[in-house]
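Pasting entry26.cif here (mmCIF, C-alpha atoms):
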```
data_protein
#
loop_
_atom_site.group_PDB
_atom_site.id
_atom_site.type_symbol
_atom_site.label_atom_id
_atom_site.label_comp_id
_atom_site.auth_asym_id
_atom_site.auth_seq_id
_atom_site.Cartn_x
_atom_site.Cartn_y
_atom_site.Cartn_z
ATOM 1 C CA ASP A 1 0.000 0.000 0.000
ATOM 2 C CA LYS A 2 3.046 2.307 0.075
ATOM 3 C CA SER A 3 4.642 3.938 -2.931
ATOM 4 C CA VAL A 4 8.303 3.189 -3.558
ATOM 5 C CA THR A 5 10.854 5.441 -5.226
ATOM 6 C CA ALA A 6 13.304 3.371 -7.253
ATOM 7 C CA GLU A 7 15.922 4.186 -9.880
ATOM 8 C CA LEU A 8 16.552 1.112 -11.996
ATOM 9 C CA GLY A 9 18.377 0.310 -15.233
ATOM 10 C CA ASN A 10 18.350 1.556 -18.796
ATOM 11 C CA VAL A 11 19.804 0.815 -22.212
ATOM 12 C CA SER A 12 21.017 4.394 -22.594
ATOM 13 C CA PRO A 13 21.096 5.622 -26.207
ATOM 14 C CA VAL A 14 23.416 8.230 -27.713
ATOM 15 C CA ILE A 15 21.952 9.866 -30.827
ATOM 16 C CA ILE A 16 24.623 11.144 -33.213
ATOM 17 C CA VAL A 17 23.106 13.855 -35.412
ATOM 18 C CA PRO A 18 24.939 13.699 -38.771
ATOM 19 C CA GLY A 19 26.911 16.768 -39.756
ATOM 20 C CA LYS A 20 30.238 17.914 -41.106
ATOM 21 C CA TRP A 21 32.626 17.444 -38.187
ATOM 22 C CA SER A 22 36.269 18.471 -38.095
ATOM 23 C CA VAL A 23 38.923 15.889 -37.251
ATOM 24 C CA GLY A 24 39.247 17.437 -33.805
ATOM 25 C CA GLU A 25 35.498 17.193 -33.230
ATOM 26 C CA LEU A 26 35.447 13.554 -34.343
ATOM 27 C CA LEU A 27 38.256 12.648 -31.956
ATOM 28 C CA TYR A 28 36.719 14.646 -29.091
ATOM 29 C CA GLN A 29 33.283 13.074 -29.432
ATOM 30 C CA ALA A 30 34.818 9.601 -29.805
ATOM 31 C CA GLU A 31 36.567 10.109 -26.460
ATOM 32 C CA HIS A 32 33.329 11.550 -25.060
ATOM 33 C CA VAL A 33 31.303 8.453 -25.963
ATOM 34 C CA ALA A 34 34.123 6.138 -24.839
ATOM 35 C CA THR A 35 34.028 7.863 -21.451
ATOM 36 C CA MET A 36 30.281 7.224 -21.223
ATOM 37 C CA LEU A 37 31.057 3.513 -21.488
ATOM 38 C CA VAL A 38 34.221 2.946 -19.440
ATOM 39 C CA ASN A 39 33.381 5.057 -16.386
ATOM 40 C CA ASN A 40 33.236 2.735 -13.363
ATOM 41 C CA ALA A 41 34.313 -0.102 -15.697
ATOM 42 C CA GLY A 42 30.926 0.038 -17.402
ATOM 43 C CA PHE A 43 28.960 -0.805 -14.256
ATOM 44 C CA ASN A 44 26.664 2.211 -14.498
ATOM 45 C CA CYS A 45 22.934 2.506 -15.098
ATOM 46 C CA LEU A 46 23.763 5.571 -17.197
ATOM 47 C CA ALA A 47 26.518 4.100 -19.382
ATOM 48 C CA ALA A 48 26.242 4.517 -23.160
ATOM 49 C CA ARG A 49 24.733 1.282 -24.500
ATOM 50 C CA VAL A 50 23.366 2.015 -27.988
ATOM 51 C CA ILE A 51 24.878 4.561 -30.368
ATOM 52 C CA VAL A 52 22.298 5.613 -32.959
ATOM 53 C CA THR A 53 23.882 6.858 -36.188
ATOM 54 C CA SER A 54 22.700 7.667 -39.695
ATOM 55 C CA SER A 55 23.611 5.223 -42.459
ATOM 56 C CA GLU A 56 23.740 8.267 -44.762
ATOM 57 C CA TRP A 57 26.345 10.104 -42.676
ATOM 58 C CA PRO A 58 29.593 10.241 -44.703
ATOM 59 C CA GLN A 59 31.650 10.383 -41.492
ATOM 60 C CA ARG A 60 30.003 7.428 -39.780
ATOM 61 C CA GLU A 61 32.895 5.023 -40.378
ATOM 62 C CA ALA A 62 35.445 7.671 -39.391
ATOM 63 C CA PHE A 63 33.606 8.268 -36.116
ATOM 64 C CA LEU A 64 33.277 4.571 -35.326
ATOM 65 C CA GLY A 65 36.947 4.086 -36.143
ATOM 66 C CA ALA A 66 37.891 6.917 -33.781
ATOM 67 C CA LEU A 67 35.657 5.438 -31.079
ATOM 68 C CA THR A 68 37.171 1.966 -31.292
ATOM 69 C CA GLN A 69 40.654 3.482 -31.349
ATOM 70 C CA ALA A 70 39.843 5.448 -28.194
ATOM 71 C CA LEU A 71 38.531 2.333 -26.472
ATOM 72 C CA ALA A 72 41.587 0.356 -27.554
ATOM 73 C CA GLN A 73 43.829 2.854 -25.765
ATOM 74 C CA ILE A 74 41.922 2.830 -22.473
ATOM 75 C CA THR A 75 43.168 0.336 -19.905
ATOM 76 C CA THR A 76 40.609 -2.342 -19.053
ATOM 77 C CA ARG A 77 39.396 -2.508 -15.476
ATOM 78 C CA ARG A 78 38.465 -5.129 -12.950
ATOM 79 C CA ALA A 79 35.066 -6.694 -13.702
ATOM 80 C CA TYR A 80 34.052 -6.603 -10.044
ATOM 81 C CA TYR A 81 30.280 -6.752 -10.446
ATOM 82 C CA PRO A 82 28.793 -10.254 -9.958
ATOM 83 C CA GLY A 83 27.735 -11.982 -13.175
ATOM 84 C CA ALA A 84 29.598 -9.630 -15.522
ATOM 85 C CA ALA A 85 31.464 -12.402 -17.339
ATOM 86 C CA GLU A 86 28.275 -14.394 -17.860
ATOM 87 C CA ARG A 87 26.462 -11.365 -19.257
ATOM 88 C CA ARG A 88 29.326 -10.684 -21.614
ATOM 89 C CA ASP A 89 29.197 -14.316 -22.792
ATOM 90 C CA ALA A 90 25.501 -13.870 -23.612
ATOM 91 C CA PHE A 91 26.145 -10.746 -25.694
ATOM 92 C CA VAL A 92 29.082 -12.286 -27.560
ATOM 93 C CA ALA A 93 27.083 -15.458 -28.221
ATOM 94 C CA ALA A 94 24.398 -13.307 -29.855
ATOM 95 C CA HIS A 95 27.014 -11.208 -31.675
ATOM 96 C CA PRO A 96 30.209 -13.180 -32.341
ATOM 97 C CA GLU A 97 31.395 -10.252 -34.476
ATOM 98 C CA ALA A 98 31.813 -8.150 -31.305
ATOM 99 C CA GLU A 99 35.130 -6.322 -31.088
ATOM 100 C CA GLU A 100 37.324 -6.753 -28.005
ATOM 101 C CA LEU A 101 39.228 -3.593 -27.138
ATOM 102 C CA GLY A 102 41.553 -2.255 -24.468
ATOM 103 C CA THR A 103 44.667 -3.758 -22.890
ATOM 104 C CA GLY A 104 46.815 -3.655 -19.793
ATOM 105 C CA GLY A 105 44.165 -4.293 -17.171
ATOM 106 C CA PRO A 106 44.293 -6.737 -14.248
ATOM 107 C CA PRO A 107 43.748 -10.474 -14.790
ATOM 108 C CA ASP A 108 40.076 -10.251 -13.792
ATOM 109 C CA ALA A 109 39.311 -7.432 -16.251
ATOM 110 C CA LEU A 110 36.982 -7.776 -19.217
ATOM 111 C CA PRO A 111 37.712 -6.143 -22.582
ATOM 112 C CA TRP A 112 35.657 -3.203 -23.746
ATOM 113 C CA THR A 113 33.126 -4.858 -26.034
ATOM 114 C CA PHE A 114 31.850 -2.987 -29.071
ATOM 115 C CA ILE A 115 29.154 -4.345 -31.416
ATOM 116 C CA ARG A 116 28.710 -2.283 -34.556
ATOM 117 C CA GLY A 117 26.040 -2.402 -37.207
ATOM 118 C CA VAL A 118 23.208 -4.055 -35.271
ATOM 119 C CA ALA A 119 20.251 -4.056 -37.665
ATOM 120 C CA PRO A 120 17.614 -1.612 -36.350
ATOM 121 C CA GLY A 121 14.880 -3.908 -37.613
ATOM 122 C CA ARG A 122 15.939 -6.604 -35.141
ATOM 123 C CA THR A 123 13.808 -5.083 -32.431
ATOM 124 C CA ASP A 124 14.188 -8.162 -30.217
ATOM 125 C CA ASP A 125 18.005 -7.983 -30.267
ATOM 126 C CA ILE A 126 19.725 -8.318 -26.903
ATOM 127 C CA CYS A 127 21.564 -5.028 -27.492
ATOM 128 C CA PHE A 128 18.277 -3.109 -27.561
ATOM 129 C CA ASN A 129 16.451 -4.987 -24.820
ATOM 130 C CA VAL A 130 18.952 -5.965 -22.121
ATOM 131 C CA GLU A 131 21.050 -3.631 -20.015
ATOM 132 C CA SER A 132 24.414 -5.331 -20.301
ATOM 133 C CA PHE A 133 25.916 -3.781 -17.146
ATOM 134 C CA PHE A 134 29.518 -4.356 -18.106
ATOM 135 C CA GLY A 135 31.842 -2.603 -20.558
ATOM 136 C CA GLU A 136 29.667 -3.140 -23.654
ATOM 137 C CA CYS A 137 28.214 -0.784 -26.230
ATOM 138 C CA ALA A 138 26.446 -1.383 -29.551
ATOM 139 C CA GLU A 139 25.822 0.758 -32.620
ATOM 140 C CA THR A 140 22.915 0.818 -35.039
ATOM 141 C CA ALA A 141 22.426 2.885 -38.194
ATOM 142 C CA LEU A 142 19.051 4.243 -39.279
ATOM 143 C CA THR A 143 18.253 5.196 -42.850
ATOM 144 C CA ALA A 144 16.565 8.557 -43.437
ATOM 145 C CA PRO A 145 16.546 10.933 -46.414
ATOM 146 C CA THR A 146 17.376 14.104 -44.445
ATOM 147 C CA VAL A 147 19.015 15.037 -41.162
ATOM 148 C CA GLU A 148 15.741 16.179 -39.654
ATOM 149 C CA ALA A 149 14.057 12.933 -40.768
ATOM 150 C CA PHE A 150 16.874 11.014 -39.077
ATOM 151 C CA ILE A 151 16.343 12.913 -35.821
ATOM 152 C CA ASP A 152 12.632 12.073 -35.890
ATOM 153 C CA ALA A 153 13.394 8.419 -36.710
ATOM 154 C CA ALA A 154 16.001 8.204 -33.948
ATOM 155 C CA THR A 155 13.532 9.643 -31.437
ATOM 156 C CA SER A 156 10.921 7.040 -32.356
ATOM 157 C CA PHE A 157 13.525 4.264 -32.312
ATOM 158 C CA CYS A 158 14.729 5.181 -28.816
ATOM 159 C CA ASN A 159 11.185 5.552 -27.502
ATOM 160 C CA ASP A 160 9.712 2.430 -29.060
ATOM 161 C CA VAL A 161 12.566 -0.075 -29.418
ATOM 162 C CA VAL A 162 15.310 0.649 -26.888
ATOM 163 C CA TRP A 163 14.466 -0.576 -23.386
ATOM 164 C CA GLY A 164 14.178 1.833 -20.488
ATOM 165 C CA THR A 165 13.430 5.511 -19.935
ATOM 166 C CA LEU A 166 16.178 6.750 -17.646
ATOM 167 C CA SER A 167 18.691 8.718 -19.721
ATOM 168 C CA ALA A 168 19.774 9.601 -23.261
ATOM 169 C CA THR A 169 22.265 11.906 -24.984
ATOM 170 C CA VAL A 170 22.011 13.870 -28.245
ATOM 171 C CA LEU A 171 25.241 15.016 -29.930
ATOM 172 C CA VAL A 172 24.796 17.732 -32.569
ATOM 173 C CA SER A 173 27.385 20.152 -33.936
ATOM 174 C CA PRO A 174 26.885 23.946 -33.956
ATOM 175 C CA THR A 175 27.271 23.838 -37.738
ATOM 176 C CA SER A 176 24.248 21.559 -38.009
ATOM 177 C CA LEU A 177 22.234 23.719 -35.630
ATOM 178 C CA ARG A 178 22.637 26.700 -37.952
ATOM 179 C CA ASP A 179 20.085 25.002 -40.178
ATOM 180 C CA PRO A 180 16.717 25.999 -38.646
ATOM 181 C CA ARG A 181 15.147 22.736 -39.800
ATOM 182 C CA VAL A 182 17.754 20.727 -37.900
ATOM 183 C CA ALA A 183 17.512 23.007 -34.856
ATOM 184 C CA ASP A 184 13.741 22.582 -34.802
ATOM 185 C CA ALA A 185 14.079 18.803 -35.139
ATOM 186 C CA VAL A 186 16.512 18.699 -32.201
ATOM 187 C CA GLU A 187 14.146 20.701 -30.004
ATOM 188 C CA ARG A 188 11.317 18.414 -31.070
ATOM 189 C CA ALA A 189 13.398 15.391 -30.099
ATOM 190 C CA ILE A 190 14.205 16.851 -26.684
ATOM 191 C CA ALA A 191 10.485 17.382 -26.095
ATOM 192 C CA ASP A 192 9.424 13.983 -27.430
ATOM 193 C CA LEU A 193 12.110 11.663 -26.050
ATOM 194 C CA ARG A 194 10.577 9.685 -23.192
ATOM 195 C CA TYR A 195 13.583 9.809 -20.895
ATOM 196 C CA GLY A 196 13.932 11.353 -17.459
ATOM 197 C CA ALA A 197 17.370 12.819 -18.227
ATOM 198 C CA ILE A 198 18.648 14.180 -21.534
ATOM 199 C CA GLY A 199 22.091 15.540 -22.254
ATOM 200 C CA VAL A 200 22.587 17.763 -25.298
ATOM 201 C CA ASN A 201 26.280 17.650 -26.239
ATOM 202 C CA VAL A 202 27.108 16.514 -22.716
ATOM 203 C CA TRP A 203 26.866 13.074 -21.141
ATOM 204 C CA HIS A 204 23.448 12.681 -19.568
ATOM 205 C CA ALA A 205 25.192 11.589 -16.341
ATOM 206 C CA LEU A 206 25.635 15.268 -15.498
ATOM 207 C CA VAL A 207 21.932 15.414 -14.672
ATOM 208 C CA PHE A 208 22.669 13.028 -11.806
ATOM 209 C CA ALA A 209 25.982 14.655 -10.892
ATOM 210 C CA PHE A 210 24.529 18.144 -10.450
ATOM 211 C CA GLY A 211 22.169 16.993 -7.719
ATOM 212 C CA THR A 212 19.928 20.017 -8.171
ATOM 213 C CA THR A 213 18.285 18.546 -11.260
ATOM 214 C CA PRO A 214 15.670 15.791 -10.905
ATOM 215 C CA TRP A 215 17.082 12.360 -11.775
ATOM 216 C CA GLY A 216 14.862 9.378 -12.412
ATOM 217 C CA ALA A 217 12.900 7.485 -15.027
ATOM 218 C CA TYR A 218 10.398 9.165 -17.309
ATOM 219 C CA PRO A 219 7.141 9.183 -15.292
ATOM 220 C CA GLY A 220 4.230 6.887 -15.906
ATOM 221 C CA HIS A 221 5.483 3.312 -15.535
ATOM 222 C CA PRO A 222 2.936 1.072 -13.830
ATOM 223 C CA ARG A 223 4.007 -1.109 -10.914
ATOM 224 C CA THR A 224 3.625 -4.166 -13.111
ATOM 225 C CA ASP A 225 6.185 -2.810 -15.615
ATOM 226 C CA THR A 226 8.355 -0.384 -13.688
ATOM 227 C CA GLN A 227 11.247 -0.516 -16.223
ATOM 228 C CA SER A 228 13.665 2.276 -15.206
ATOM 229 C CA GLY A 229 11.866 2.994 -11.947
ATOM 230 C CA SER A 230 9.629 5.623 -10.398
ATOM 231 C CA GLY A 231 10.132 8.925 -8.646
ATOM 232 C CA VAL A 232 13.278 11.074 -8.615
ATOM 233 C CA VAL A 233 16.286 11.974 -6.512
ATOM 234 C CA GLY A 234 18.067 15.324 -6.564
ATOM 235 C CA ASN A 235 15.359 17.871 -7.420
ATOM 236 C CA ALA A 236 16.709 20.514 -5.047
ATOM 237 C CA LEU A 237 14.127 23.015 -6.333
ATOM 238 C CA MET A 238 11.358 20.601 -5.266
ATOM 239 C CA PHE A 239 9.317 20.434 -8.456
ATOM 240 C CA ASP A 240 6.083 18.560 -7.746
ATOM 241 C CA ARG A 241 5.865 16.485 -10.924
ATOM 242 C CA PRO A 242 9.078 16.709 -12.962
ATOM 243 C CA GLN A 243 8.949 15.011 -16.324
ATOM 244 C CA LYS A 244 12.576 15.261 -17.442
ATOM 245 C CA SER A 245 15.763 17.209 -16.892
ATOM 246 C CA VAL A 246 17.716 18.586 -19.858
ATOM 247 C CA VAL A 247 21.355 19.622 -19.550
ATOM 248 C CA ARG A 248 23.088 21.380 -22.457
ATOM 249 C CA GLY A 249 26.755 22.053 -23.069
ATOM 250 C CA PRO A 250 29.242 23.039 -25.770
ATOM 251 C CA PHE A 251 29.927 20.571 -28.565
ATOM 252 C CA ARG A 252 33.605 20.680 -27.668
ATOM 253 C CA SER A 253 34.946 21.905 -24.328
ATOM 254 C CA ARG A 254 38.379 23.370 -23.713
ATOM 255 C CA PRO A 255 40.070 22.254 -21.564
ATOM 256 C CA LYS A 256 38.811 18.709 -21.812
ATOM 257 C CA PRO A 257 36.399 17.900 -18.943
ATOM 258 C CA PRO A 258 38.212 16.082 -16.118
ATOM 259 C CA TRP A 259 35.721 13.211 -16.138
ATOM 260 C CA PHE A 260 36.892 12.209 -19.621
ATOM 261 C CA ALA A 261 38.677 8.864 -19.416
ATOM 262 C CA THR A 262 41.316 10.286 -21.757
ATOM 263 C CA ALA A 263 41.939 13.526 -19.835
ATOM 264 C CA PRO A 264 45.520 13.804 -18.575
ATOM 265 C CA GLY A 265 45.789 14.758 -14.936
ATOM 266 C CA GLN A 266 42.159 13.912 -14.255
ATOM 267 C CA TYR A 267 42.976 12.298 -10.902
ATOM 268 C CA GLU A 268 44.587 15.467 -9.560
ATOM 269 C CA VAL A 269 41.683 17.631 -10.727
ATOM 270 C CA MET A 270 39.059 15.406 -9.168
ATOM 271 C CA ARG A 271 41.100 14.941 -5.965
ATOM 272 C CA ARG A 272 41.173 18.704 -5.474
ATOM 273 C CA PHE A 273 37.504 19.008 -6.401
ATOM 274 C CA VAL A 274 36.462 16.410 -3.821
ATOM 275 C CA ALA A 275 38.612 18.140 -1.196
ATOM 276 C CA PHE A 276 36.837 21.417 -1.990
ATOM 277 C CA GLU A 277 33.398 19.779 -1.797
ATOM 278 C CA ALA A 278 34.270 18.182 1.556
ATOM 279 C CA ASP A 279 35.536 21.427 3.070
ATOM 280 C CA PRO A 280 34.871 24.477 0.856
ATOM 281 C CA GLY A 281 37.223 27.397 1.093
ATOM 282 C CA ALA A 282 38.463 30.191 -1.137
ATOM 283 C CA ALA A 283 42.072 29.148 -0.586
ATOM 284 C CA LYS A 284 41.445 25.876 -2.442
ATOM 285 C CA ILE A 285 40.043 27.460 -5.602
ATOM 286 C CA PRO A 286 43.326 28.613 -7.217
ATOM 287 C CA GLY A 287 44.885 25.148 -6.975
ATOM 288 C CA LEU A 288 41.752 23.541 -8.381
ATOM 289 C CA LEU A 289 41.592 25.961 -11.302
ATOM 290 C CA LEU A 290 45.291 25.550 -12.048
ATOM 291 C CA ALA A 291 45.001 21.752 -12.065
ATOM 292 C CA ALA A 292 41.971 21.976 -14.374
ATOM 293 C CA LEU A 293 43.788 24.259 -16.816
ATOM 294 C CA ARG A 294 46.923 22.110 -16.800
ATOM 295 C CA HIS A 295 45.138 18.925 -17.803
#
```
Step by step, read the file and then write its structure as structure tokens.
Amino acid sequence: DKSVTAELGNVSPVIIVPGKWSVGELLYQAEHVATMLVNNAGFNCLAARVIVTSSEWPQREAFLGALTQALAQITTRRAYYPGAAERRDAFVAAHPEAEELGTGGPPDALPWTFIRGVAPGRTDDICFNVESFFGECAETALTAPTVEAFIDAATSFCNDVVWGTLSATVLVSPTSLRDPRVADAVERAIADLRYGAIGVNVWHALVFAFGTTPWGAYPGHPRTDTQSGSGVVGNALMFDRPQKSVVRGPFRSRPKPPWFATAPGQYEVMRRFVAFEADPGAAKIPGLLLAALRH
């Protein structure tokens, strides 16, 4: 007879809006998406699980190549969560073409597992319906005649095929947003995506990290099919019935955010940040800023 607030899992999608990206932007966003996967060794409810691309995007292969190269250079980490190896076996059995990436980790580490080109029509595929909860990510390519049509198709695909309603990210370049049709389609997607947290050019995990923003599943799941959960945490402004939180950021940040897995000196930045959070003081700000600028 009592309501329960619960944040559960999600197959978090990352929608890549096609555009003309520079080499630097390709490499940056590849590291961005890689970070969404490898953080906490992939044992996150908000890890990137399905990358949604356009089959018509001329830079699709270049982006996927940059992503796998980034993953290959990130040290694998201990697969500490119970059942991780068995879950990985299930995904590889369904997709023997899966790529194994990353080196140099401890003996009980699992490789970063990347599955590209999952047919979007296979709506019952394990990659779309099961939260892997280890270092795994898949990619699927939708066919659409225009960029705005792709955005609409990707929104429907994430809402209707991909399991869960917790969090999603949309990556779109400023160049693409100069086209009012694309900008309108992006705003339409943000409104229509049935997810409780949406990141625009930033990892949706920031919605959770901020604490002030509501974090939880998109509202409306019945108790018999709770999916990504019910209720929210955070919500410092105490909204009565929040539907979703949207966090926006620059397409490319300088310096590189310290939570990037590829950011040099990230440990020192975050160590100083945690020390400041634990005991705030003006004297700690210069050292924190200097460490952030150095990395």
Proximity check stretch 117-222 of chain A to stretch 90-102 of chain A, 9 Å, nearest pairs one decimal Å, only C-alpha atoms, as JSON lines:
```
{"residue": "A:Val118", "atom": "CA", "partner": "A:His95", "partner_atom": "CA", "distance": 8.9}
{"residue": "A:Asp125", "atom": "CA", "partner": "A:Ala94", "partner_atom": "CA", "distance": 8.3}
{"residue": "A:Ile126", "atom": "CA", "partner": "A:Phe91", "partner_atom": "CA", "distance": 7.0}
{"residue": "A:Cys127", "atom": "CA", "partner": "A:Phe91", "partner_atom": "CA", "distance": 7.5}
{"residue": "A:Ser132", "atom": "CA", "partner": "A:Phe91", "partner_atom": "CA", "distance": 7.8}
{"residue": "A:Glu136", "atom": "CA", "partner": "A:Phe91", "partner_atom": "CA", "distance": 8.6}
{"residue": "A:Ala138", "atom": "CA", "partner": "A:Ala98", "partner_atom": "CA", "distance": 8.8}
```
With C-alpha atoms retained, could you export that selection as a short mmCIF file (atom, residue, chain, number, x, y, z; two decimals), in the frame of the given file?
```cif
data_model
loop_
_atom_site.label_atom_id
_atom_site.label_comp_id
_atom_site.auth_asym_id
_atom_site.auth_seq_id
_atom_site.Cartn_x
_atom_site.Cartn_y
_atom_site.Cartn_z
CA VAL A 118 23.21 -4.06 -35.27
CA ASP A 125 18.00 -7.98 -30.27
CA ILE A 126 19.73 -8.32 -26.90
CA CYS A 127 21.56 -5.03 -27.49
CA SER A 132 24.41 -5.33 -20.30
CA GLU A 136 29.67 -3.14 -23.65
CA ALA A 138 26.45 -1.38 -29.55
#
```
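Taking atom CA of A:Ala261 as the reference point, atom CA of A:Asn39 is found at 7.2 Å.
Residues lying within 9 Å of A:Tyr80, counting only C-alpha atoms and ignoring same-chain neighbours fewer than 3 positions away, are Ala41, Phe43, Arg77, Gly83, Ala84, Asp108 and Ala109 of chain A.
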Keeping only C-alpha atoms, write the selected residues to a file as an mmCIF file, in the frame of the given file.
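Output (out13.cif):
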```cif
data_model
loop_
_atom_site.group_PDB
_atom_site.id
_atom_site.type_symbol
_atom_site.label_atom_id
_atom_site.label_comp_id
_atom_site.auth_asym_id
_atom_site.auth_seq_id
_atom_site.Cartn_x
_atom_site.Cartn_y
_atom_site.Cartn_z
ATOM 1 C CA ALA A 41 34.313 -0.102 -15.697
ATOM 2 C CA PHE A 43 28.960 -0.805 -14.256
ATOM 3 C CA ARG A 77 39.396 -2.508 -15.476
ATOM 4 C CA GLY A 83 27.735 -11.982 -13.175
ATOM 5 C CA ALA A 84 29.598 -9.630 -15.522
ATOM 6 C CA ASP A 108 40.076 -10.251 -13.792
ATOM 7 C CA ALA A 109 39.311 -7.432 -16.251
#
```
Give me the residues within 8 Å of A:Leu110 as an mmCIF file with C-alpha atoms, in the coordinates of the input, counting all atoms listed in the file and dropping any in the same chain fewer than 5 places off.
```cif
data_model
loop_
_atom_site.group_PDB
_atom_site.id
_atom_site.type_symbol
_atom_site.label_atom_id
_atom_site.label_comp_id
_atom_site.auth_asym_id
_atom_site.auth_seq_id
_atom_site.Cartn_x
_atom_site.Cartn_y
_atom_site.Cartn_z
ATOM 1 C CA THR A 76 40.609 -2.342 -19.053
ATOM 2 C CA ARG A 77 39.396 -2.508 -15.476
ATOM 3 C CA ARG A 78 38.465 -5.129 -12.950
ATOM 4 C CA ALA A 79 35.066 -6.694 -13.702
ATOM 5 C CA ALA A 85 31.464 -12.402 -17.339
ATOM 6 C CA GLY A 135 31.842 -2.603 -20.558
#
```
**Asked** Contacts of stretch 233-244 of chain A at 10 Å or less, counting only C-alpha atoms, minus same-chain residues fewer than 5 places along, as number ranges by chain?
**Response** A: 5-7, 166-167, 190-191, 193-198, 207-220
Given the selection you just returned, output its residues as a file containing C-alpha atoms, formatted as a JSON list (two decimals), keeping the file's coordinate frame.
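Output (part21.json):
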```json
[["chain", "number", "residue", "atom", "x", "y", "z"],
["A", 5, "THR", "CA", 10.85, 5.44, -5.23],
["A", 6, "ALA", "CA", 13.30, 3.37, -7.25],
["A", 7, "GLU", "CA", 15.92, 4.19, -9.88],
["A", 166, "LEU", "CA", 16.18, 6.75, -17.65],
["A", 167, "SER", "CA", 18.69, 8.72, -19.72],
["A", 190, "ILE", "CA", 14.20, 16.85, -26.68],
["A", 191, "ALA", "CA", 10.48, 17.38, -26.10],
["A", 193, "LEU", "CA", 12.11, 11.66, -26.05],
["A", 194, "ARG", "CA", 10.58, 9.68, -23.19],
["A", 195, "TYR", "CA", 13.58, 9.81, -20.90],
["A", 196, "GLY", "CA", 13.93, 11.35, -17.46],
["A", 197, "ALA", "CA", 17.37, 12.82, -18.23],
["A", 198, "ILE", "CA", 18.65, 14.18, -21.53],
["A", 207, "VAL", "CA", 21.93, 15.41, -14.67],
["A", 208, "PHE", "CA", 22.67, 13.03, -11.81],
["A", 209, "ALA", "CA", 25.98, 14.66, -10.89],
["A", 210, "PHE", "CA", 24.53, 18.14, -10.45],
["A", 211, "GLY", "CA", 22.17, 16.99, -7.72],
["A", 212, "THR", "CA", 19.93, 20.02, -8.17],
["A", 213, "THR", "CA", 18.28, 18.55, -11.26],
["A", 214, "PRO", "CA", 15.67, 15.79, -10.90],
["A", 215, "TRP", "CA", 17.08, 12.36, -11.78],
["A", 216, "GLY", "CA", 14.86, 9.38, -12.41],
["A", 217, "ALA", "CA", 12.90, 7.48, -15.03],
["A", 218, "TYR", "CA", 10.40, 9.16, -17.31],
["A", 219, "PRO", "CA", 7.14, 9.18, -15.29],
["A", 220, "GLY", "CA", 4.23, 6.89, -15.91]]
```
**Request:** Measure the distance from atom CA of A:Glu148 to atom CA of A:Ser173 in Å and round it to one decimal.
**Result:** 13.6 Å
**Message:** Report as a PyMOL selection string all protein, DNA and RNA residues lying within 10 Å of A:Gln69, evaluated on all atoms listed in the file, omitting residues in the same chain fewer than 2 positions from it.
**Reply:** chain A and resi 27+30-31+34+63-67+71-74+101-102
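Atom CA of A:Pro286 is found 16.2 Å from atom CA of A:Pro258.
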**Complete:** Shortest contact to A:Val274, candidates A:Pro222, A:Leu288, A:Val247, A:Ile16, atoms counted all atoms listed in the file, goes to A:Leu288
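Checking A:Arg49, A:Gln59, A:Phe134, A:Ser176 one by one against A:Ile115, counting only C-alpha atoms, you find the shortest gap at A:Arg49.
Using all atoms listed in the file, the shortest contact distance between A:Gly19 and any of A:Pro174, A:Pro180, A:Pro82, A:Gly199 is found at A:Pro174.
Distances here use only C-alpha atoms; by that measure, the residue among A:Arg188, A:Lys20, A:Arg116, A:Arg122 closest to A:Ile151 is A:Arg188.
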**Item:** Neighbour list for A:Arg223 as a VMD selection string, cut-off 10 Å, only C-alpha atoms, skip fewer than 6 positions in-chain
**Value:** chain A and resid 3 to 4 229 to 230
**Request:** Find the residue from A:Val17, A:Ala291, A:Leu8, A:Leu142 that sits nearest to A:Val172; use all atoms listed in the file when measuring.
**Result:** A:Val17
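Across A:Thr123, A:Thr175, A:Thr103, A:Thr75, the tightest approach to A:Val162 is made by A:Thr123 when counting all atoms listed in the file.
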**Item:** Picked residues, the PyMOL selection byres ((chain A and resi 270) around 12), expected as a ChimeraX atom specification
**Value:** /A:257-260,263-269,271-277,287-289,291-292,295
